[in-house]
Amino acid sequence: MAPGGYFGRALVVDAGSGTSSVLPLDEEVLRGYLGGAGLGTWLMHRLAPPGADPLGAQAPLAFVFSPLVGTPLTTSAKFAVVAKSPLTGMLNDALSSSHFAISGKLTGHDAIVVRGACDRPSALLIDGDGARLADAADLWGLPAAHAEQRLRERLGRGWRAAAIGPAGEAQVRYATISHDGRHAGRGGLGAVLGAKRVKAVAVRAATKVAPADPGAVLAAARDLRARSFGPATAKYRELGTLANLLAFNAISALPTRNFQAATFAGAPRLAAEELAGLRTVARNSCASCTIGCEHIYAGGGRKMRVEYENVFALGPMCGVSDPDAVLAASGLCDELGLDTISAGGTIAWAMECAERGLIDAPWLRFGDADALMRALAEIGAREGLGDLLAEGSRRAAEQVGGDAAEFAPHVKGLELPGYEPRTMHAMALGLAVNSRGADHNRSGAYEADLSGDLDRFAGGDAQVAAAIETEDRAAVMDSLVLCKFLRGVFREPFEEWAALLSAVTGWDADGAELRRTARRIVLAKRVFNIREGWQPGDDWLPERLLSQPVETSSGRVAALAPERLRAMISGYYAARGLDAEGRPAPADLAGLGLR
Ligand code: SF4
């Protein structure tokens with residue numbers, strides 16, 4: 001019998017035939033990898049053929065749930081989508097939220113894996129009767145939200161769907177998978193579904209799952225709910241993550257015009273403090289969430305959820321300061337199903353290429369809102385210059401040649417988020433070594449830079465320790481799965497997460513066990529990447545960030561010397577028990593429980 005909160009099985013569906021089989025998940029696997037990103041990593045080791053093309057039929061893509069899904073614990077209605085990324089060629093997990101997580105899990109599975117490919121646009125339906133394919137020709141070409149709505153109207157009550165937009169259909173390498181307006185955003189997993197011609201996966205609950213100790217879970221849920229209204233989440237409730245924009249600008253950490261500057265004169269026009277009064281139309285939250293961080297804005301004729309990252313990427317990164325234009329661009333990304341960070345990063349790189357004469361696109365200039373909208377539309381359809389930009393900045397730079405690769409803003413192919421590594425050295429390390437590539441959700445080392453407890457212009461043991469600690473915390477939160485915006489309410493996070501896990505599963509987990517679990521998951525991701533061709537040089541930052549200093553608002557010149565980054569990486573490898581090239585010892589591999 002499976003532990004509380006689990007079914008002990010994954011459903012593996014062949015999209016080519018619509019047939020499915022059950023993969024048993026024994027307790028050792030579940031306890032070792034929890035769920036979400038962790039269990040998804042284990043599934044990719046087990047099911048992904050080595051070297052498979054992420055956009056090929058053999059590549060599996062997994063929707064992975066967790067033991068906490070379906071409990072009253074706040075922010076627990078989340079799921080991970082895990083596959084080999086067509087953007088990075090490495091392991092990618094992207095999280096999304098809400099009812100799909102609950103209904104998907106209550107189909108009776110801890111994960112739903114899709115492999116194979118359909119011969120025509122289809123929707124994959126899964127409920128208590130198993131899996132089957134339905135024609136989706138009429139949904140092809142629609143934005144994900146429209147496809148989801150139409151599919152639910154057709155299927156009837158109780159169905160929930162995750163869908164791709166036109167960019168996923170066109171196999172843009174940074175296309176998203178969306179559910180209820182939330183996106184499994186990074187790494188191009190929408191392109192993986194698009195390559196399978198699966199427009200949507202729809203799920204309907206068919207069963208129930210009970211926690212081992214319902215009383216303890218209820219008490220924990222009440223306690224966590226109360227704490228979720230406290231000061232640790234106030235920023236997210238009041239202004240949302242866009243509150244970071246002015247703060248980052250003030251400390252010269254706001255990447256601007258493709259990392260040519262770290263401050264943006266137009267930042268005040270885009271600030272949450274400015275936008276909130278004029279353009280807020282609603283607040284919203286994911287299912288089972290008491291924080292409600294979602295701030296819905298109107299602008300440029302569209303309504304959209306606004307986060308720091310989409311405003312940074314489509315605003316300062318592209319030199320655009322018109323708030324209506326940035327909101328419209330963000331809304332267009334939602335409609336097309338594009339990761340805003342990679343879209344903005346790739347377009348900003350292309351703007352610089354165009355200004356330097358490396359790309360023949362005189363219409364594409366920093367600060368030009370019309371050019372931004374045109375570039376997004378062309379990317380979504382893979383038309384004109386968009387066919388090149390749909391490949392992401394790394395591949396596009398390889399095609400353009402010259403020195404274009406030196407200022408392509410990516411790590412491992414994943415475009416950088418809105419954190420300036422030259423003024424945030426702990427974050428520089430986190431971005432360089434993370435298995436997903438340049439990402440702020442898998443390494444929260446920026447917290448150390450922002451804490452004031454260490455010098456953010458220096459790199460040393462403290463920065464290494466911070467990068468490892470935040471990476472480990474992310475590994476557990478992304479596997480349980482709990483929202484990162486809740487992280488500040490936990491005083492003893494690993495102990496408290498272990499208590500939640502124990503109440504649901506009946507295990508006697510403690511904080512030390514979850515720390516070991518975090519390290520196992522981080523290492524298993526690295527091992528997958530090594531299997532798929534990772535090289536030591538992939539743990540690095542773009543040349544520009546290491547060779548060109550950047551001026552801060554105080555006039556200080558900030559730089560990140562390659563020697564400093566190398567020293568931090570070496571410290572990270574040593575602390576992780578890796579060899580000098582970042583590879584694990586054979587004895588450590590044996591303890592991962594991978595097959
Ligand atoms: S805090 Fe925001 S992202 Fe997190 S679960 Fe709540 S509404 Fe969703």
# chains A, B, ... in the order shown; residues from 1 in each chain; ligands from 1
>>> residues_around(residues="A:Ala202", least_positions_apart="3", cutoff="10 Å", atoms="only C-alpha atoms", output="ChimeraX atom specification")
/A:100,103-104,123-127,131,148,151-152,155,158-163,199
>>> select_by_dssp(residues="stretch 501-571 of chain A", states="helix (DSSP H, G or I)", output="ChimeraX atom specification")
/A:501-505,511-531,536-538,543-547,562-571
>>> closest_atom_pairs(of="chain A", to="ligand 1", cutoff="7 Å", atoms="only C-alpha atoms and all ligand atoms", output="tab-separated table")
residue	atom	partner	partner_atom_place_in_ligand_line	distance
A:Thr75	CA	ligand 1	5 (S)	4.2
A:Ser97	CA	ligand 1	8 (Fe)	6.4
A:Tyr236	CA	ligand 1	1 (S)	6.9
A:Asn284	CA	ligand 1	7 (S)	6.6
A:Ser285	CA	ligand 1	7 (S)	3.6
A:Cys286	CA	ligand 1	8 (Fe)	4.2
A:Cys289	CA	ligand 1	6 (Fe)	4.6
A:Thr290	CA	ligand 1	6 (Fe)	6.4
A:Ile291	CA	ligand 1	1 (S)	4.9
A:Gly292	CA	ligand 1	7 (S)	4.1
A:Cys293	CA	ligand 1	2 (Fe)	4.0
A:Glu294	CA	ligand 1	7 (S)	5.5
A:Cys483	CA	ligand 1	4 (Fe)	4.7
A:Lys484	CA	ligand 1	4 (Fe)	6.7
A:Phe485	CA	ligand 1	1 (S)	5.2
A:Leu486	CA	ligand 1	1 (S)	6.7
>>> write_last_selection(atoms="C-alpha atoms", output="short mmCIF file (atom, residue, chain, number, x, y, z; two decimals), in the first residue's frame")
data_model
loop_
_atom_site.label_atom_id
_atom_site.label_comp_id
_atom_site.auth_asym_id
_atom_site.auth_seq_id
_atom_site.Cartn_x
_atom_site.Cartn_y
_atom_site.Cartn_z
CA THR A 75 -0.09 26.99 -1.69
CA SER A 97 -0.41 25.88 -10.07
CA TYR A 236 3.49 39.58 -2.53
CA ASN A 284 -6.32 36.66 -7.72
CA SER A 285 -4.79 33.52 -6.32
CA CYS A 286 -4.09 29.94 -7.24
CA CYS A 289 -3.62 29.66 -1.62
CA THR A 290 -4.19 32.19 1.13
CA ILE A 291 -1.51 34.64 -0.07
CA GLY A 292 -3.01 35.74 -3.38
CA CYS A 293 0.03 37.32 -5.01
CA GLU A 294 -1.50 37.72 -8.43
CA CYS A 483 5.04 28.02 -3.34
CA LYS A 484 8.33 29.88 -2.95
CA PHE A 485 6.41 32.95 -1.84
CA LEU A 486 5.62 31.06 1.35
#
>>> residues_around(residues="stretch 328-341 of chain A", least_positions_apart="3", cutoff="9 Å", atoms="only C-alpha atoms", output="PDB file with N, CA and C atoms, in the first residue's frame")
ATOM      1  N   LEU A 142      -5.203  28.354 -31.297  1.00  0.00           N
ATOM      2  CA  LEU A 142      -5.779  29.218 -30.259  1.00  0.00           C
ATOM      3  C   LEU A 142      -4.768  29.492 -29.148  1.00  0.00           C
ATOM      4  N   PRO A 143      -4.893  30.657 -28.489  1.00  0.00           N
ATOM      5  CA  PRO A 143      -4.141  30.843 -27.249  1.00  0.00           C
ATOM      6  C   PRO A 143      -4.503  29.751 -26.250  1.00  0.00           C
ATOM      7  N   ALA A 144      -3.578  29.449 -25.365  1.00  0.00           N
ATOM      8  CA  ALA A 144      -3.810  28.360 -24.414  1.00  0.00           C
ATOM      9  C   ALA A 144      -5.086  28.581 -23.607  1.00  0.00           C
ATOM     10  N   ALA A 145      -5.305  29.809 -23.164  1.00  0.00           N
ATOM     11  CA  ALA A 145      -6.474  30.076 -22.320  1.00  0.00           C
ATOM     12  C   ALA A 145      -7.768  29.797 -23.081  1.00  0.00           C
ATOM     13  N   HIS A 146      -7.817  30.154 -24.368  1.00  0.00           N
ATOM     14  CA  HIS A 146      -9.025  29.904 -25.151  1.00  0.00           C
ATOM     15  C   HIS A 146      -9.212  28.412 -25.372  1.00  0.00           C
ATOM     16  N   ILE A 164      -1.119  24.389 -24.597  1.00  0.00           N
ATOM     17  CA  ILE A 164      -0.067  25.211 -25.208  1.00  0.00           C
ATOM     18  C   ILE A 164      -0.721  26.246 -26.113  1.00  0.00           C
ATOM     19  N   GLY A 165       0.016  27.308 -26.398  1.00  0.00           N
ATOM     20  CA  GLY A 165      -0.442  28.322 -27.330  1.00  0.00           C
ATOM     21  C   GLY A 165       0.207  28.131 -28.692  1.00  0.00           C
ATOM     22  N   PRO A 166       0.024  29.104 -29.596  1.00  0.00           N
ATOM     23  CA  PRO A 166       0.617  28.995 -30.938  1.00  0.00           C
ATOM     24  C   PRO A 166       2.132  28.805 -30.916  1.00  0.00           C
ATOM     25  N   ALA A 167       2.822  29.392 -29.937  1.00  0.00           N
ATOM     26  CA  ALA A 167       4.279  29.236 -29.901  1.00  0.00           C
ATOM     27  C   ALA A 167       4.681  27.796 -29.625  1.00  0.00           C
ATOM     28  N   GLY A 168       3.923  27.110 -28.806  1.00  0.00           N
ATOM     29  CA  GLY A 168       4.202  25.697 -28.563  1.00  0.00           C
ATOM     30  C   GLY A 168       3.971  24.870 -29.817  1.00  0.00           C
ATOM     31  N   VAL A 172       8.547  26.830 -30.768  1.00  0.00           N
ATOM     32  CA  VAL A 172       9.473  27.854 -30.261  1.00  0.00           C
ATOM     33  C   VAL A 172      10.149  27.263 -29.027  1.00  0.00           C
ATOM     34  N   TYR A 174      11.233  28.237 -26.364  1.00  0.00           N
ATOM     35  CA  TYR A 174      10.907  28.718 -25.019  1.00  0.00           C
ATOM     36  C   TYR A 174       9.393  28.926 -24.886  1.00  0.00           C
ATOM     37  N   ALA A 175       8.635  28.007 -25.485  1.00  0.00           N
ATOM     38  CA  ALA A 175       7.176  28.045 -25.364  1.00  0.00           C
ATOM     39  C   ALA A 175       6.749  27.459 -24.019  1.00  0.00           C
ATOM     40  N   THR A 176       5.627  27.941 -23.522  1.00  0.00           N
ATOM     41  CA  THR A 176       5.140  27.551 -22.197  1.00  0.00           C
ATOM     42  C   THR A 176       3.993  26.544 -22.287  1.00  0.00           C
ATOM     43  N   ILE A 177       3.696  25.948 -21.143  1.00  0.00           N
ATOM     44  CA  ILE A 177       2.467  25.172 -20.948  1.00  0.00           C
ATOM     45  C   ILE A 177       1.671  25.932 -19.896  1.00  0.00           C
ATOM     46  N   SER A 178       0.379  26.156 -20.159  1.00  0.00           N
ATOM     47  CA  SER A 178      -0.398  27.043 -19.296  1.00  0.00           C
ATOM     48  C   SER A 178      -1.628  26.344 -18.739  1.00  0.00           C
ATOM     49  N   GLY A 181      -4.192  30.461 -16.648  1.00  0.00           N
ATOM     50  CA  GLY A 181      -3.422  31.699 -16.675  1.00  0.00           C
ATOM     51  C   GLY A 181      -2.065  31.614 -16.019  1.00  0.00           C
ATOM     52  N   HIS A 183       1.715  29.711 -15.841  1.00  0.00           N
ATOM     53  CA  HIS A 183       2.541  29.079 -16.858  1.00  0.00           C
ATOM     54  C   HIS A 183       3.660  28.240 -16.255  1.00  0.00           C
ATOM     55  N   ALA A 184       3.793  27.025 -16.756  1.00  0.00           N
ATOM     56  CA  ALA A 184       5.040  26.285 -16.571  1.00  0.00           C
ATOM     57  C   ALA A 184       5.962  26.897 -17.605  1.00  0.00           C
ATOM     58  N   GLY A 185       6.741  27.890 -17.169  1.00  0.00           N
ATOM     59  CA  GLY A 185       7.244  28.869 -18.112  1.00  0.00           C
ATOM     60  C   GLY A 185       8.590  28.600 -18.735  1.00  0.00           C
ATOM     61  N   ARG A 186       9.530  28.109 -17.969  1.00  0.00           N
ATOM     62  CA  ARG A 186      10.901  28.159 -18.448  1.00  0.00           C
ATOM     63  C   ARG A 186      11.323  26.870 -19.162  1.00  0.00           C
ATOM     64  N   GLY A 187      12.198  27.031 -20.138  1.00  0.00           N
ATOM     65  CA  GLY A 187      12.843  25.868 -20.740  1.00  0.00           C
ATOM     66  C   GLY A 187      12.146  25.264 -21.939  1.00  0.00           C
ATOM     67  N   GLY A 188      11.001  25.817 -22.348  1.00  0.00           N
ATOM     68  CA  GLY A 188      10.413  25.402 -23.617  1.00  0.00           C
ATOM     69  C   GLY A 188       9.622  24.110 -23.605  1.00  0.00           C
ATOM     70  N   GLY A 190       6.511  23.749 -23.586  1.00  0.00           N
ATOM     71  CA  GLY A 190       5.390  23.850 -24.517  1.00  0.00           C
ATOM     72  C   GLY A 190       5.763  23.352 -25.905  1.00  0.00           C
ATOM     73  N   ALA A 298      -4.388  46.021 -16.411  1.00  0.00           N
ATOM     74  CA  ALA A 298      -4.868  46.272 -17.765  1.00  0.00           C
ATOM     75  C   ALA A 298      -3.917  47.263 -18.419  1.00  0.00           C
ATOM     76  N   GLY A 299      -3.643  47.008 -19.688  1.00  0.00           N
ATOM     77  CA  GLY A 299      -2.777  47.938 -20.416  1.00  0.00           C
ATOM     78  C   GLY A 299      -2.650  47.519 -21.857  1.00  0.00           C
ATOM     79  N   GLY A 300      -2.594  48.488 -22.762  1.00  0.00           N
ATOM     80  CA  GLY A 300      -2.427  48.152 -24.170  1.00  0.00           C
ATOM     81  C   GLY A 300      -3.560  47.310 -24.712  1.00  0.00           C
ATOM     82  N   GLY A 301      -4.760  47.462 -24.146  1.00  0.00           N
ATOM     83  CA  GLY A 301      -5.920  46.710 -24.624  1.00  0.00           C
ATOM     84  C   GLY A 301      -5.985  45.281 -24.139  1.00  0.00           C
ATOM     85  N   ARG A 302      -5.120  44.899 -23.201  1.00  0.00           N
ATOM     86  CA  ARG A 302      -5.116  43.526 -22.708  1.00  0.00           C
ATOM     87  C   ARG A 302      -5.152  43.522 -21.183  1.00  0.00           C
ATOM     88  N   LYS A 303      -5.486  42.363 -20.614  1.00  0.00           N
ATOM     89  CA  LYS A 303      -5.368  42.170 -19.169  1.00  0.00           C
ATOM     90  C   LYS A 303      -4.388  41.027 -18.934  1.00  0.00           C
ATOM     91  N   MET A 304      -3.553  41.199 -17.931  1.00  0.00           N
ATOM     92  CA  MET A 304      -2.541  40.164 -17.701  1.00  0.00           C
ATOM     93  C   MET A 304      -2.052  40.197 -16.263  1.00  0.00           C
ATOM     94  N   ARG A 305      -1.537  39.037 -15.803  1.00  0.00           N
ATOM     95  CA  ARG A 305      -0.845  38.980 -14.522  1.00  0.00           C
ATOM     96  C   ARG A 305       0.522  39.636 -14.692  1.00  0.00           C
ATOM     97  N   VAL A 306       0.912  40.423 -13.736  1.00  0.00           N
ATOM     98  CA  VAL A 306       2.174  41.143 -13.872  1.00  0.00           C
ATOM     99  C   VAL A 306       3.132  40.728 -12.765  1.00  0.00           C
ATOM    100  N   GLU A 309       9.513  39.739 -13.270  1.00  0.00           N
ATOM    101  CA  GLU A 309      10.316  39.173 -14.346  1.00  0.00           C
ATOM    102  C   GLU A 309       9.799  39.538 -15.729  1.00  0.00           C
ATOM    103  N   ASN A 310       8.457  39.556 -15.927  1.00  0.00           N
ATOM    104  CA  ASN A 310       8.007  39.897 -17.274  1.00  0.00           C
ATOM    105  C   ASN A 310       8.191  41.383 -17.552  1.00  0.00           C
ATOM    106  N   VAL A 311       8.050  42.229 -16.522  1.00  0.00           N
ATOM    107  CA  VAL A 311       8.275  43.661 -16.739  1.00  0.00           C
ATOM    108  C   VAL A 311       9.764  43.933 -16.985  1.00  0.00           C
ATOM    109  N   PHE A 312      10.634  43.298 -16.193  1.00  0.00           N
ATOM    110  CA  PHE A 312      12.073  43.461 -16.429  1.00  0.00           C
ATOM    111  C   PHE A 312      12.446  43.058 -17.863  1.00  0.00           C
ATOM    112  N   ALA A 313      11.982  41.864 -18.277  1.00  0.00           N
ATOM    113  CA  ALA A 313      12.454  41.300 -19.549  1.00  0.00           C
ATOM    114  C   ALA A 313      11.938  42.069 -20.756  1.00  0.00           C
ATOM    115  N   LEU A 314      10.706  42.549 -20.661  1.00  0.00           N
ATOM    116  CA  LEU A 314      10.101  43.240 -21.807  1.00  0.00           C
ATOM    117  C   LEU A 314      10.227  44.757 -21.684  1.00  0.00           C
ATOM    118  N   PRO A 323       4.723  51.996 -20.067  1.00  0.00           N
ATOM    119  CA  PRO A 323       4.050  50.909 -19.340  1.00  0.00           C
ATOM    120  C   PRO A 323       2.983  50.202 -20.161  1.00  0.00           C
ATOM    121  N   ASP A 324       2.235  50.936 -20.966  1.00  0.00           N
ATOM    122  CA  ASP A 324       1.223  50.273 -21.797  1.00  0.00           C
ATOM    123  C   ASP A 324       1.874  49.291 -22.762  1.00  0.00           C
ATOM    124  N   ALA A 325       3.016  49.689 -23.310  1.00  0.00           N
ATOM    125  CA  ALA A 325       3.706  48.804 -24.257  1.00  0.00           C
ATOM    126  C   ALA A 325       4.218  47.545 -23.554  1.00  0.00           C
ATOM    127  N   GLY A 344      12.146  38.140 -23.899  1.00  0.00           N
ATOM    128  CA  GLY A 344      12.757  39.460 -23.731  1.00  0.00           C
ATOM    129  C   GLY A 344      14.264  39.410 -23.888  1.00  0.00           C
ATOM    130  N   GLY A 345      14.890  38.396 -23.313  1.00  0.00           N
ATOM    131  CA  GLY A 345      16.341  38.269 -23.412  1.00  0.00           C
ATOM    132  C   GLY A 345      16.804  38.075 -24.844  1.00  0.00           C
ATOM    133  N   THR A 346      16.090  37.232 -25.571  1.00  0.00           N
ATOM    134  CA  THR A 346      16.486  36.960 -26.955  1.00  0.00           C
ATOM    135  C   THR A 346      16.255  38.189 -27.835  1.00  0.00           C
ATOM    136  N   ALA A 369       8.895  50.204 -28.833  1.00  0.00           N
ATOM    137  CA  ALA A 369       7.818  49.302 -28.401  1.00  0.00           C
ATOM    138  C   ALA A 369       7.183  48.567 -29.581  1.00  0.00           C
ATOM    139  N   LEU A 372       9.319  45.698 -30.472  1.00  0.00           N
ATOM    140  CA  LEU A 372       9.153  44.612 -29.496  1.00  0.00           C
ATOM    141  C   LEU A 372       7.924  43.770 -29.839  1.00  0.00           C
ATOM    142  N   MET A 373       6.812  44.432 -30.118  1.00  0.00           N
ATOM    143  CA  MET A 373       5.580  43.692 -30.443  1.00  0.00           C
ATOM    144  C   MET A 373       5.741  42.915 -31.755  1.00  0.00           C
ATOM    145  N   LEU A 376       7.881  39.808 -31.109  1.00  0.00           N
ATOM    146  CA  LEU A 376       7.135  38.753 -30.400  1.00  0.00           C
ATOM    147  C   LEU A 376       6.194  38.024 -31.352  1.00  0.00           C
ATOM    148  N   ALA A 377       5.475  38.798 -32.168  1.00  0.00           N
ATOM    149  CA  ALA A 377       4.529  38.171 -33.097  1.00  0.00           C
ATOM    150  C   ALA A 377       5.266  37.266 -34.090  1.00  0.00           C
ATOM    151  N   ILE A 379       8.136  35.766 -33.647  1.00  0.00           N
ATOM    152  CA  ILE A 379       8.631  34.581 -32.926  1.00  0.00           C
ATOM    153  C   ILE A 379       7.500  33.567 -32.765  1.00  0.00           C
ATOM    154  N   GLY A 380       6.336  34.041 -32.338  1.00  0.00           N
ATOM    155  CA  GLY A 380       5.217  33.120 -32.088  1.00  0.00           C
ATOM    156  C   GLY A 380       4.819  32.344 -33.327  1.00  0.00           C
ATOM    157  N   ALA A 381       4.998  32.969 -34.484  1.00  0.00           N
ATOM    158  CA  ALA A 381       4.618  32.312 -35.742  1.00  0.00           C
ATOM    159  C   ALA A 381       5.827  31.734 -36.467  1.00  0.00           C
ATOM    160  N   GLU A 415      17.916  31.899 -20.915  1.00  0.00           N
ATOM    161  CA  GLU A 415      18.171  33.330 -20.770  1.00  0.00           C
ATOM    162  C   GLU A 415      18.126  33.751 -19.297  1.00  0.00           C
ATOM    163  N   LEU A 416      18.968  34.740 -18.987  1.00  0.00           N
ATOM    164  CA  LEU A 416      19.130  35.204 -17.605  1.00  0.00           C
ATOM    165  C   LEU A 416      17.887  35.935 -17.114  1.00  0.00           C
ATOM    166  N   PRO A 417      17.544  35.738 -15.850  1.00  0.00           N
ATOM    167  CA  PRO A 417      16.456  36.514 -15.239  1.00  0.00           C
ATOM    168  C   PRO A 417      16.973  37.901 -14.827  1.00  0.00           C
ATOM    169  N   GLY A 418      16.130  38.662 -14.155  1.00  0.00           N
ATOM    170  CA  GLY A 418      16.435  40.065 -13.875  1.00  0.00           C
ATOM    171  C   GLY A 418      17.283  40.316 -12.649  1.00  0.00           C
TER     172      GLY A 418
END
>>> closest_residue(among="A:Gly459, A:Pro54, A:Gly533, A:Pro86", to="A:Ile569", atoms="only C-alpha atoms")
A:Gly459
>>> residues_around(residues="A:Asp510", least_positions_apart="6", cutoff="12 Å", atoms="only C-alpha atoms", output="MDAnalysis selection string")
chainID A and resid 492:503 516:517
>>> write_last_selection(atoms="C-alpha atoms", output="PDB file, in the first residue's frame")
ATOM      1  CA  GLU A 492      13.226  26.138  10.648  1.00  0.00           C
ATOM      2  CA  PRO A 493      12.358  25.249   7.055  1.00  0.00           C
ATOM      3  CA  PHE A 494      13.749  21.736   6.715  1.00  0.00           C
ATOM      4  CA  GLU A 495      12.333  20.687  10.095  1.00  0.00           C
ATOM      5  CA  GLU A 496       8.966  22.243   9.380  1.00  0.00           C
ATOM      6  CA  TRP A 497       8.762  20.750   5.888  1.00  0.00           C
ATOM      7  CA  ALA A 498       9.650  17.362   7.350  1.00  0.00           C
ATOM      8  CA  ALA A 499       6.799  17.697   9.847  1.00  0.00           C
ATOM      9  CA  LEU A 500       4.331  18.496   7.052  1.00  0.00           C
ATOM     10  CA  LEU A 501       5.591  15.569   4.998  1.00  0.00           C
ATOM     11  CA  SER A 502       5.376  13.208   7.970  1.00  0.00           C
ATOM     12  CA  ALA A 503       1.814  14.242   8.793  1.00  0.00           C
ATOM     13  CA  ARG A 516      19.877  14.708   2.332  1.00  0.00           C
ATOM     14  CA  THR A 517      16.889  14.552  -0.005  1.00  0.00           C
TER      15      THR A 517
END
>>> closest_atom_pairs(of="stretch 395-421 of chain A", to="stretch 431-437 of chain A", cutoff="8 Å", atoms="only C-alpha atoms", output="tab-separated table")
residue	atom	partner	partner_atom	distance
A:His410	CA	A:Gly437	CA	7.6
A:Val411	CA	A:Gly437	CA	5.0
A:Lys412	CA	A:Gly437	CA	5.0
A:Gly413	CA	A:Gly437	CA	6.8
A:Leu414	CA	A:Gly437	CA	5.3
A:Glu415	CA	A:Gly437	CA	7.9
A:Leu416	CA	A:Leu431	CA	8.0
>>> residues_around(residues="A:Asp322", least_positions_apart="2", cutoff="10 Å", atoms="only C-alpha atoms", output="MDAnalysis selection string")
chainID A and resid 266:267 269:270 315 319:320 324:328 367:369
>>> select_by_dssp(residues="stretch 75-271 of chain A", states="strand (DSSP E)", output="PyMOL selection string")
chain A and resi 78-84+91-97+111-115+122-127+130-135+159-163+177-179+182-184+198-204
>>> closest_residue(among="A:Leu429, A:Ala111, A:Leu73, A:Leu23", to="A:Gln463", atoms="only C-alpha atoms")
A:Leu429
>>> closest_residue(among="A:Val476, A:Leu11, A:Val522, A:Leu246", to="A:Lys105", atoms="only C-alpha atoms")
A:Leu11
>>> closest_residue(among="A:Leu364, A:Ala512, A:Ala250, A:Leu480", to="A:Gly5", atoms="only C-alpha atoms")
A:Leu480
>>> residues_around(residues="A:Ala397", least_positions_apart="4", cutoff="10 Å", atoms="only C-alpha atoms", output="PyMOL selection string")
chain A and resi 346+349-350+353+358+388-389+391-393+401-408
>>> residues_around(residues="A:Phe366", least_positions_apart="4", cutoff="8 Å", atoms="only C-alpha atoms", output="list in words")
Arg257, Cys318, Gly319, Val320, Ala348, Met351 and Glu352 of chain A
>>> closest_residue(among="A:Ala77, A:Leu454, A:Ala234, A:Leu514", to="A:Ala287", atoms="only C-alpha atoms")
A:Ala77
>>> atom_distance(atom1="atom CA of A:Glu581", atom2="atom CA of A:Trp534")
10.9 Å
>>> closest_residue(among="A:Met568, A:Ala575, A:Leu523, A:Ala226", to="A:Asp539", atoms="only C-alpha atoms")
A:Met568
>>> atom_distance(atom1="atom CA of A:Gly430", atom2="atom CA of A:Ser98")
28.3 Å
>>> decode(residues="stretch 187-200 of chain A", atoms="N, CA and C atoms", output="PDB file, in the first residue's frame")
ATOM      1  N   GLY A 187      12.198  27.031 -20.138  1.00  0.00           N
ATOM      2  CA  GLY A 187      12.843  25.868 -20.740  1.00  0.00           C
ATOM      3  C   GLY A 187      12.146  25.264 -21.939  1.00  0.00           C
ATOM      4  N   GLY A 188      11.001  25.817 -22.348  1.00  0.00           N
ATOM      5  CA  GLY A 188      10.413  25.402 -23.617  1.00  0.00           C
ATOM      6  C   GLY A 188       9.622  24.110 -23.605  1.00  0.00           C
ATOM      7  N   LEU A 189       9.003  23.787 -22.467  1.00  0.00           N
ATOM      8  CA  LEU A 189       8.278  22.522 -22.413  1.00  0.00           C
ATOM      9  C   LEU A 189       7.010  22.553 -23.266  1.00  0.00           C
ATOM     10  N   GLY A 190       6.511  23.749 -23.586  1.00  0.00           N
ATOM     11  CA  GLY A 190       5.390  23.850 -24.517  1.00  0.00           C
ATOM     12  C   GLY A 190       5.763  23.352 -25.905  1.00  0.00           C
ATOM     13  N   ALA A 191       7.023  23.545 -26.274  1.00  0.00           N
ATOM     14  CA  ALA A 191       7.476  23.045 -27.578  1.00  0.00           C
ATOM     15  C   ALA A 191       7.522  21.520 -27.587  1.00  0.00           C
ATOM     16  N   VAL A 192       7.815  20.920 -26.428  1.00  0.00           N
ATOM     17  CA  VAL A 192       7.849  19.455 -26.352  1.00  0.00           C
ATOM     18  C   VAL A 192       6.448  18.896 -26.602  1.00  0.00           C
ATOM     19  N   LEU A 193       5.443  19.508 -25.964  1.00  0.00           N
ATOM     20  CA  LEU A 193       4.060  19.056 -26.228  1.00  0.00           C
ATOM     21  C   LEU A 193       3.663  19.360 -27.670  1.00  0.00           C
ATOM     22  N   GLY A 194       4.087  20.527 -28.169  1.00  0.00           N
ATOM     23  CA  GLY A 194       3.750  20.890 -29.540  1.00  0.00           C
ATOM     24  C   GLY A 194       4.322  19.904 -30.548  1.00  0.00           C
ATOM     25  N   ALA A 195       5.548  19.461 -30.294  1.00  0.00           N
ATOM     26  CA  ALA A 195       6.166  18.485 -31.189  1.00  0.00           C
ATOM     27  C   ALA A 195       5.387  17.161 -31.182  1.00  0.00           C
ATOM     28  N   LYS A 196       4.712  16.894 -30.082  1.00  0.00           N
ATOM     29  CA  LYS A 196       3.875  15.679 -30.003  1.00  0.00           C
ATOM     30  C   LYS A 196       2.476  15.919 -30.568  1.00  0.00           C
ATOM     31  N   ARG A 197       2.239  17.141 -31.011  1.00  0.00           N
ATOM     32  CA  ARG A 197       0.927  17.587 -31.503  1.00  0.00           C
ATOM     33  C   ARG A 197      -0.166  17.390 -30.446  1.00  0.00           C
ATOM     34  N   VAL A 198       0.219  17.542 -29.198  1.00  0.00           N
ATOM     35  CA  VAL A 198      -0.741  17.505 -28.097  1.00  0.00           C
ATOM     36  C   VAL A 198      -1.041  18.948 -27.705  1.00  0.00           C
ATOM     37  N   LYS A 199      -2.217  19.410 -28.062  1.00  0.00           N
ATOM     38  CA  LYS A 199      -2.595  20.794 -27.758  1.00  0.00           C
ATOM     39  C   LYS A 199      -2.878  20.962 -26.270  1.00  0.00           C
ATOM     40  N   ALA A 200      -3.458  19.940 -25.671  1.00  0.00           N
ATOM     41  CA  ALA A 200      -3.840  20.073 -24.264  1.00  0.00           C
ATOM     42  C   ALA A 200      -3.889  18.711 -23.605  1.00  0.00           C
TER      43      ALA A 200
END
